[in-house]
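To start, the structure under review is shown below, and the notes come after it.
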Amino acid sequence: MRLVNRLLATLLCLALIAGGVLVIAEVIAALVGAEPVVWDWRATQQWADGTSWQNVVVRIVCVALFVVGLVLLLAEVKRPRLRRLRVAAETGTDTRPVDTAYTRRGVAAAVRAAVTGVDGVRSARVKVKRRRIRVSATTGSFNKAAVRRLDEAAADATRDTLRRLQLRSTPSVSVRTRST
């Protein structure tokens with residue numbers, strides 16, 4: 001979302017600069033007594049004087065501007081994507097707390113290393129979200145009971161890793177082990 005915000009801010013800035021330059025050029029042309037330079041604002045003023053608020057064109061433009069404004073507002077109010085998982089603050093110390101956090105990629109790498117360290121797991125894919133960690137492990141075993149045991153062992157390894165990381169709020173864990 002940061003990239004979209006920057007692009008929208010750049011476009012708005014360029015539009016405001018162009019509008020400012022246009023207004024300056026038109027004001028100078030009006031002071032000198034010349035015709036409009038770029039935009040015939042007098043014709044627009046005459047159209048606006050003769051158009052009522054109940055006109056269909058005016059209503060359509062107002063609704064379109066309202067919808068665009070609402071979409072921009074919702075885009076700004078939406079919670080940003082979680083990039084860091086905060087570590088719990090130490091209690092019982094006299095020092096000021098330090099804001100420490102892990103990146104989602106770092107947590108995923110730690111969980112992946114723990115799960116692939118389980119005997120029988122070939123590989124693992126890990127997705128870290130705000131409140132949930134999904135682990136998809138693969139094994140070479142086709143025995144359903146062994147796959148179930150590996151599923152439990154991978155979940156235990158994930159929970160143990162999260163406990164060692166000491167996150168402020170521990171996400172829920174879902175592990176799925178499949179045979180290949």
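Every chain in the structure tokens takes a letter, A first, then B, and so on in the order presented; its residues are numbered from 1, and the ligands are numbered from 1 following the presented order.
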
Give me the residues within 10 Å of range 136-138 of chain A as a PyMOL selection string, counting only C-alpha atoms and dropping any in the same chain fewer than 3 places off.
-> chain A and resi 112+115-116+120-127+141+147+150-151+154+174-180

Coordinates-based distance that separates CA of Arg164 in chain A from CA of Arg132 in chain A (Å, one decimal) = 17.0 Å

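Nearest-residue note for Ala113 in chain A: choosing from A:Ile17, A:Cys62, A:Val135, A:Val98, the minimum distance belongs to A:Val135, counting only C-alpha atoms.
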
Distance query Val111 in chain A at most 8 Å, only C-alpha atoms, self and fewer than 5 positions along chain excluded, as a PyMOL selection string = chain A and resi 126+157-158+161-162

Selected residues, C-alpha atoms, written as a PDB file, in the first residue's frame, please.
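Dumped everything to result_25.pdb:
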```
ATOM      1  CA  VAL A 126       5.520 -21.421   5.904  1.00  0.00           C
ATOM      2  CA  ALA A 157       8.376 -27.829  16.665  1.00  0.00           C
ATOM      3  CA  THR A 158       6.539 -24.737  15.416  1.00  0.00           C
ATOM      4  CA  THR A 161      10.107 -22.101  18.023  1.00  0.00           C
ATOM      5  CA  LEU A 162       7.431 -19.478  18.661  1.00  0.00           C
TER       6      LEU A 162
END
```

What is the distance between CA of Val68 in chain A and CA of Trp41 in chain A, in Å to one decimal?
->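 Spanning CA of Val68 in chain A to CA of Trp41 in chain A is a straight-line distance of 24.9 Å.
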
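Take the candidates A:Thr139, A:Gln166, A:Asn5, A:Thr103 and check each one against Val87 in chain A using only C-alpha atoms; the shortest distance goes to A:Gln166.
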
Members of range 48-151 of chain A assigned strand (DSSP E) by DSSP, as a PyMOL selection string | chain A and resi 84-86+101-103+121-128+132-139

Exercise: Arg130 in chain A partners within 12 Å, only C-alpha atoms, chain neighbours under 5 positions left out, as a list in words |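 Result of the neighbour search: Arg79, Pro80, Arg81, Leu82, Arg83, Arg84, Leu85, Arg86, Thr103, Arg104, Val107, Leu167, Arg168, Ser169, Thr170, Pro171, Ser172 and Val173 of chain A.
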
Atoms to include: all heavy atoms. Write the selected residues as a compact mmCIF listing (two decimals), in the first residue's frame.
```
# COMPACT_ATOMS: atom_id res chain seq x y z
N ARG A 79 -5.99 -1.21 7.81
CA ARG A 79 -4.78 -1.54 8.57
C ARG A 79 -3.67 -1.97 7.62
O ARG A 79 -3.89 -2.73 6.68
CB ARG A 79 -5.05 -2.68 9.54
CG ARG A 79 -5.93 -2.27 10.69
CD ARG A 79 -6.16 -3.40 11.62
NE ARG A 79 -4.96 -3.59 12.43
CZ ARG A 79 -4.87 -4.51 13.36
NH1 ARG A 79 -5.88 -5.30 13.62
NH2 ARG A 79 -3.77 -4.64 14.07
N PRO A 80 -2.48 -1.50 7.85
CA PRO A 80 -1.38 -1.88 6.97
C PRO A 80 -1.01 -3.35 7.16
O PRO A 80 -1.28 -3.94 8.20
CB PRO A 80 -0.23 -0.98 7.41
CG PRO A 80 -0.54 -0.61 8.81
CD PRO A 80 -2.04 -0.60 8.91
N ARG A 81 -0.40 -3.88 6.16
CA ARG A 81 0.04 -5.27 6.22
C ARG A 81 1.13 -5.39 7.28
O ARG A 81 2.05 -4.58 7.34
CB ARG A 81 0.59 -5.66 4.86
CG ARG A 81 0.94 -7.10 4.75
CD ARG A 81 1.34 -7.38 3.34
NE ARG A 81 1.82 -8.73 3.25
CZ ARG A 81 2.48 -9.20 2.22
NH1 ARG A 81 2.72 -8.44 1.20
NH2 ARG A 81 2.90 -10.43 2.22
N LEU A 82 1.00 -6.41 8.09
CA LEU A 82 1.95 -6.62 9.18
C LEU A 82 3.32 -6.99 8.61
O LEU A 82 3.44 -7.95 7.86
CB LEU A 82 1.45 -7.73 10.10
CG LEU A 82 2.33 -8.08 11.28
CD1 LEU A 82 2.33 -6.91 12.26
CD2 LEU A 82 1.83 -9.32 11.95
N ARG A 83 4.32 -6.22 8.93
CA ARG A 83 5.66 -6.49 8.43
C ARG A 83 6.57 -7.03 9.53
O ARG A 83 7.57 -7.64 9.24
CB ARG A 83 6.26 -5.22 7.85
CG ARG A 83 5.47 -4.70 6.69
CD ARG A 83 6.26 -3.69 5.91
NE ARG A 83 5.47 -3.07 4.87
CZ ARG A 83 5.18 -3.63 3.72
NH1 ARG A 83 5.60 -4.83 3.46
NH2 ARG A 83 4.46 -3.00 2.82
N ARG A 84 6.21 -6.75 10.79
CA ARG A 84 7.05 -7.18 11.90
C ARG A 84 6.17 -7.81 12.97
O ARG A 84 5.05 -7.40 13.18
CB ARG A 84 7.77 -5.99 12.54
CG ARG A 84 8.56 -5.16 11.61
CD ARG A 84 9.23 -3.97 12.29
NE ARG A 84 8.43 -3.34 13.31
CZ ARG A 84 8.92 -2.88 14.46
NH1 ARG A 84 10.20 -2.99 14.72
NH2 ARG A 84 8.16 -2.28 15.35
N LEU A 85 6.71 -8.81 13.64
CA LEU A 85 6.06 -9.42 14.79
C LEU A 85 6.85 -8.99 16.01
O LEU A 85 8.03 -9.31 16.15
CB LEU A 85 6.04 -10.95 14.65
CG LEU A 85 5.22 -11.47 13.47
CD1 LEU A 85 5.47 -12.95 13.27
CD2 LEU A 85 3.76 -11.22 13.70
N ARG A 86 6.20 -8.24 16.89
CA ARG A 86 6.89 -7.65 18.04
C ARG A 86 7.20 -8.69 19.10
O ARG A 86 6.45 -9.62 19.34
CB ARG A 86 6.03 -6.54 18.63
CG ARG A 86 5.86 -5.41 17.62
CD ARG A 86 4.98 -4.34 18.13
NE ARG A 86 5.73 -3.57 19.12
CZ ARG A 86 5.22 -2.57 19.79
NH1 ARG A 86 3.98 -2.22 19.61
NH2 ARG A 86 5.95 -1.92 20.67
N THR A 103 10.96 -9.81 11.54
CA THR A 103 10.23 -9.68 10.29
C THR A 103 9.44 -10.97 10.06
O THR A 103 9.77 -12.02 10.62
CB THR A 103 11.18 -9.45 9.10
OG1 THR A 103 12.05 -10.58 8.97
CG2 THR A 103 11.98 -8.17 9.27
N ARG A 104 8.43 -10.87 9.24
CA ARG A 104 7.65 -12.07 8.92
C ARG A 104 8.53 -13.11 8.24
O ARG A 104 8.41 -14.30 8.49
CB ARG A 104 6.47 -11.71 8.02
CG ARG A 104 5.45 -10.91 8.72
CD ARG A 104 4.31 -10.46 7.87
NE ARG A 104 4.28 -10.99 6.53
CZ ARG A 104 3.23 -10.95 5.74
NH1 ARG A 104 2.14 -10.41 6.16
NH2 ARG A 104 3.27 -11.42 4.53
N VAL A 107 10.60 -14.90 10.93
CA VAL A 107 9.82 -15.89 11.67
C VAL A 107 9.55 -17.11 10.80
O VAL A 107 9.66 -18.25 11.25
CB VAL A 107 8.50 -15.26 12.17
CG1 VAL A 107 7.59 -16.32 12.79
CG2 VAL A 107 8.78 -14.16 13.18
N LEU A 167 7.30 -13.95 21.18
CA LEU A 167 6.50 -12.92 20.54
C LEU A 167 5.50 -12.33 21.53
O LEU A 167 5.06 -13.01 22.46
CB LEU A 167 5.76 -13.51 19.34
CG LEU A 167 6.65 -14.07 18.24
CD1 LEU A 167 5.80 -14.71 17.16
CD2 LEU A 167 7.52 -12.99 17.65
N ARG A 168 5.15 -11.07 21.32
CA ARG A 168 4.20 -10.38 22.21
C ARG A 168 2.84 -11.07 22.17
O ARG A 168 2.22 -11.31 23.19
CB ARG A 168 4.06 -8.93 21.80
CG ARG A 168 3.16 -8.16 22.73
CD ARG A 168 3.16 -6.70 22.44
NE ARG A 168 4.46 -6.15 22.83
CZ ARG A 168 4.80 -4.90 22.68
NH1 ARG A 168 3.97 -4.05 22.14
NH2 ARG A 168 5.99 -4.48 23.05
N SER A 169 2.35 -11.38 20.99
CA SER A 169 1.11 -12.15 20.87
C SER A 169 1.41 -13.34 19.95
O SER A 169 1.81 -13.16 18.81
CB SER A 169 -0.02 -11.30 20.29
OG SER A 169 0.32 -10.86 19.00
N THR A 170 1.23 -14.52 20.49
CA THR A 170 1.57 -15.73 19.74
C THR A 170 0.47 -16.06 18.75
O THR A 170 -0.69 -16.21 19.13
CB THR A 170 1.76 -16.92 20.70
OG1 THR A 170 2.72 -16.54 21.69
CG2 THR A 170 2.25 -18.14 19.96
N PRO A 171 0.81 -16.15 17.46
CA PRO A 171 -0.21 -16.49 16.46
C PRO A 171 -0.62 -17.95 16.57
O PRO A 171 0.11 -18.78 17.09
CB PRO A 171 0.49 -16.22 15.13
CG PRO A 171 1.90 -15.88 15.42
CD PRO A 171 2.09 -15.86 16.88
N SER A 172 -1.81 -18.25 16.09
CA SER A 172 -2.26 -19.64 16.07
C SER A 172 -1.49 -20.38 14.99
O SER A 172 -1.01 -19.80 14.01
CB SER A 172 -3.76 -19.72 15.81
OG SER A 172 -4.05 -19.25 14.50
N VAL A 173 -1.36 -21.67 15.17
CA VAL A 173 -0.55 -22.50 14.28
C VAL A 173 -1.43 -23.55 13.63
O VAL A 173 -2.22 -24.22 14.31
CB VAL A 173 0.59 -23.18 15.08
CG1 VAL A 173 1.36 -24.14 14.18
CG2 VAL A 173 1.51 -22.15 15.69
```

With a distance cut-off of 12 Å and only C-alpha atoms, select the neighbouring residues of range 8-14 of chain A, excluding the residue or stretch itself and same-chain residues fewer than 6 positions from it, and output the selection as a count of residues only.
-> 7

Any chance you could list, as number ranges by chain, the residues in range 6-180 of chain A that come up alpha helix (DSSP H) when DSSP is run on the backbone?
-> A: 6-32, 41-50, 56-77, 104-116, 144-165

For those residues, write C-alpha atoms to a file as a compact mmCIF listing (two decimals), in the first residue's frame.
```txt
# COMPACT_ATOMS: atom_id res chain seq x y z
CA ARG A 6 3.33 7.37 -3.01
CA LEU A 7 2.06 7.15 -6.58
CA LEU A 8 -1.23 8.81 -5.67
CA ALA A 9 0.58 11.56 -3.75
CA THR A 10 2.90 12.15 -6.72
CA LEU A 11 -0.01 12.35 -9.16
CA LEU A 12 -1.91 14.72 -6.87
CA CYS A 13 1.19 16.90 -6.45
CA LEU A 14 1.74 17.08 -10.21
CA ALA A 15 -1.93 17.93 -10.78
CA LEU A 16 -1.79 20.71 -8.17
CA ILE A 17 1.41 22.13 -9.70
CA ALA A 18 -0.13 22.07 -13.19
CA GLY A 19 -3.30 23.71 -11.87
CA GLY A 20 -1.28 26.39 -10.09
CA VAL A 21 0.72 27.17 -13.23
CA LEU A 22 -2.53 27.30 -15.23
CA VAL A 23 -4.13 29.72 -12.75
CA ILE A 24 -1.04 31.96 -12.77
CA ALA A 25 -1.01 32.05 -16.59
CA GLU A 26 -4.74 32.85 -16.75
CA VAL A 27 -4.48 35.59 -14.09
CA ILE A 28 -1.59 37.24 -15.92
CA ALA A 29 -3.50 37.01 -19.22
CA ALA A 30 -6.60 38.57 -17.60
CA LEU A 31 -4.52 41.41 -16.09
CA VAL A 32 -2.92 42.17 -19.43
CA TRP A 41 -12.66 29.79 -17.96
CA ARG A 42 -15.25 32.41 -18.89
CA ALA A 43 -17.24 29.83 -20.86
CA THR A 44 -17.05 27.47 -17.88
CA GLN A 45 -18.24 30.24 -15.58
CA GLN A 46 -21.19 30.99 -17.90
CA TRP A 47 -22.08 27.27 -17.98
CA ALA A 48 -21.91 27.08 -14.17
CA ASP A 49 -24.07 30.21 -13.81
CA GLY A 50 -26.77 28.67 -15.99
CA VAL A 56 -28.05 15.36 -13.94
CA VAL A 57 -24.44 16.18 -14.94
CA VAL A 58 -23.80 17.94 -11.64
CA ARG A 59 -25.25 15.04 -9.66
CA ILE A 60 -23.19 12.47 -11.56
CA VAL A 61 -19.99 14.44 -11.00
CA CYS A 62 -20.80 14.81 -7.27
CA VAL A 63 -21.50 11.10 -6.85
CA ALA A 64 -18.32 10.17 -8.75
CA LEU A 65 -16.22 12.50 -6.58
CA PHE A 66 -17.87 11.11 -3.44
CA VAL A 67 -17.11 7.51 -4.48
CA VAL A 68 -13.48 8.33 -5.34
CA GLY A 69 -13.05 10.13 -2.02
CA LEU A 70 -14.61 7.23 -0.11
CA VAL A 71 -12.34 4.70 -1.83
CA LEU A 72 -9.27 6.80 -1.02
CA LEU A 73 -10.40 7.20 2.58
CA LEU A 74 -10.97 3.45 3.01
CA ALA A 75 -7.58 2.73 1.45
CA GLU A 76 -5.93 4.99 4.01
CA VAL A 77 -7.91 3.70 7.01
CA ARG A 104 7.65 -12.07 8.92
CA ARG A 105 10.32 -13.56 6.69
CA GLY A 106 12.57 -14.14 9.71
CA VAL A 107 9.82 -15.89 11.67
CA ALA A 108 8.99 -18.00 8.62
CA ALA A 109 12.65 -18.99 8.23
CA ALA A 110 12.92 -19.96 11.91
CA VAL A 111 9.73 -22.05 11.75
CA ARG A 112 10.79 -23.64 8.45
CA ALA A 113 14.17 -24.62 9.94
CA ALA A 114 12.46 -26.15 12.99
CA VAL A 115 9.93 -28.11 10.92
CA THR A 116 12.47 -29.41 8.42
CA LYS A 144 -1.20 -42.38 7.44
CA ALA A 145 -0.28 -42.94 11.07
CA ALA A 146 3.30 -41.80 10.43
CA VAL A 147 2.04 -38.74 8.58
CA ARG A 148 -0.22 -37.91 11.55
CA ARG A 149 2.73 -38.26 13.95
CA LEU A 150 4.84 -36.01 11.72
CA ASP A 151 1.96 -33.52 11.68
CA GLU A 152 1.97 -33.42 15.49
CA ALA A 153 5.78 -33.26 15.66
CA ALA A 154 5.86 -30.38 13.15
CA ALA A 155 3.19 -28.51 15.14
CA ASP A 156 5.18 -29.05 18.36
CA ALA A 157 8.38 -27.83 16.66
CA THR A 158 6.54 -24.74 15.42
CA ARG A 159 5.08 -23.94 18.84
CA ASP A 160 8.48 -24.50 20.50
CA THR A 161 10.11 -22.10 18.02
CA LEU A 162 7.43 -19.48 18.66
CA ARG A 163 7.92 -19.91 22.42
CA ARG A 164 11.67 -19.34 22.01
CA LEU A 165 11.06 -16.25 19.87
```
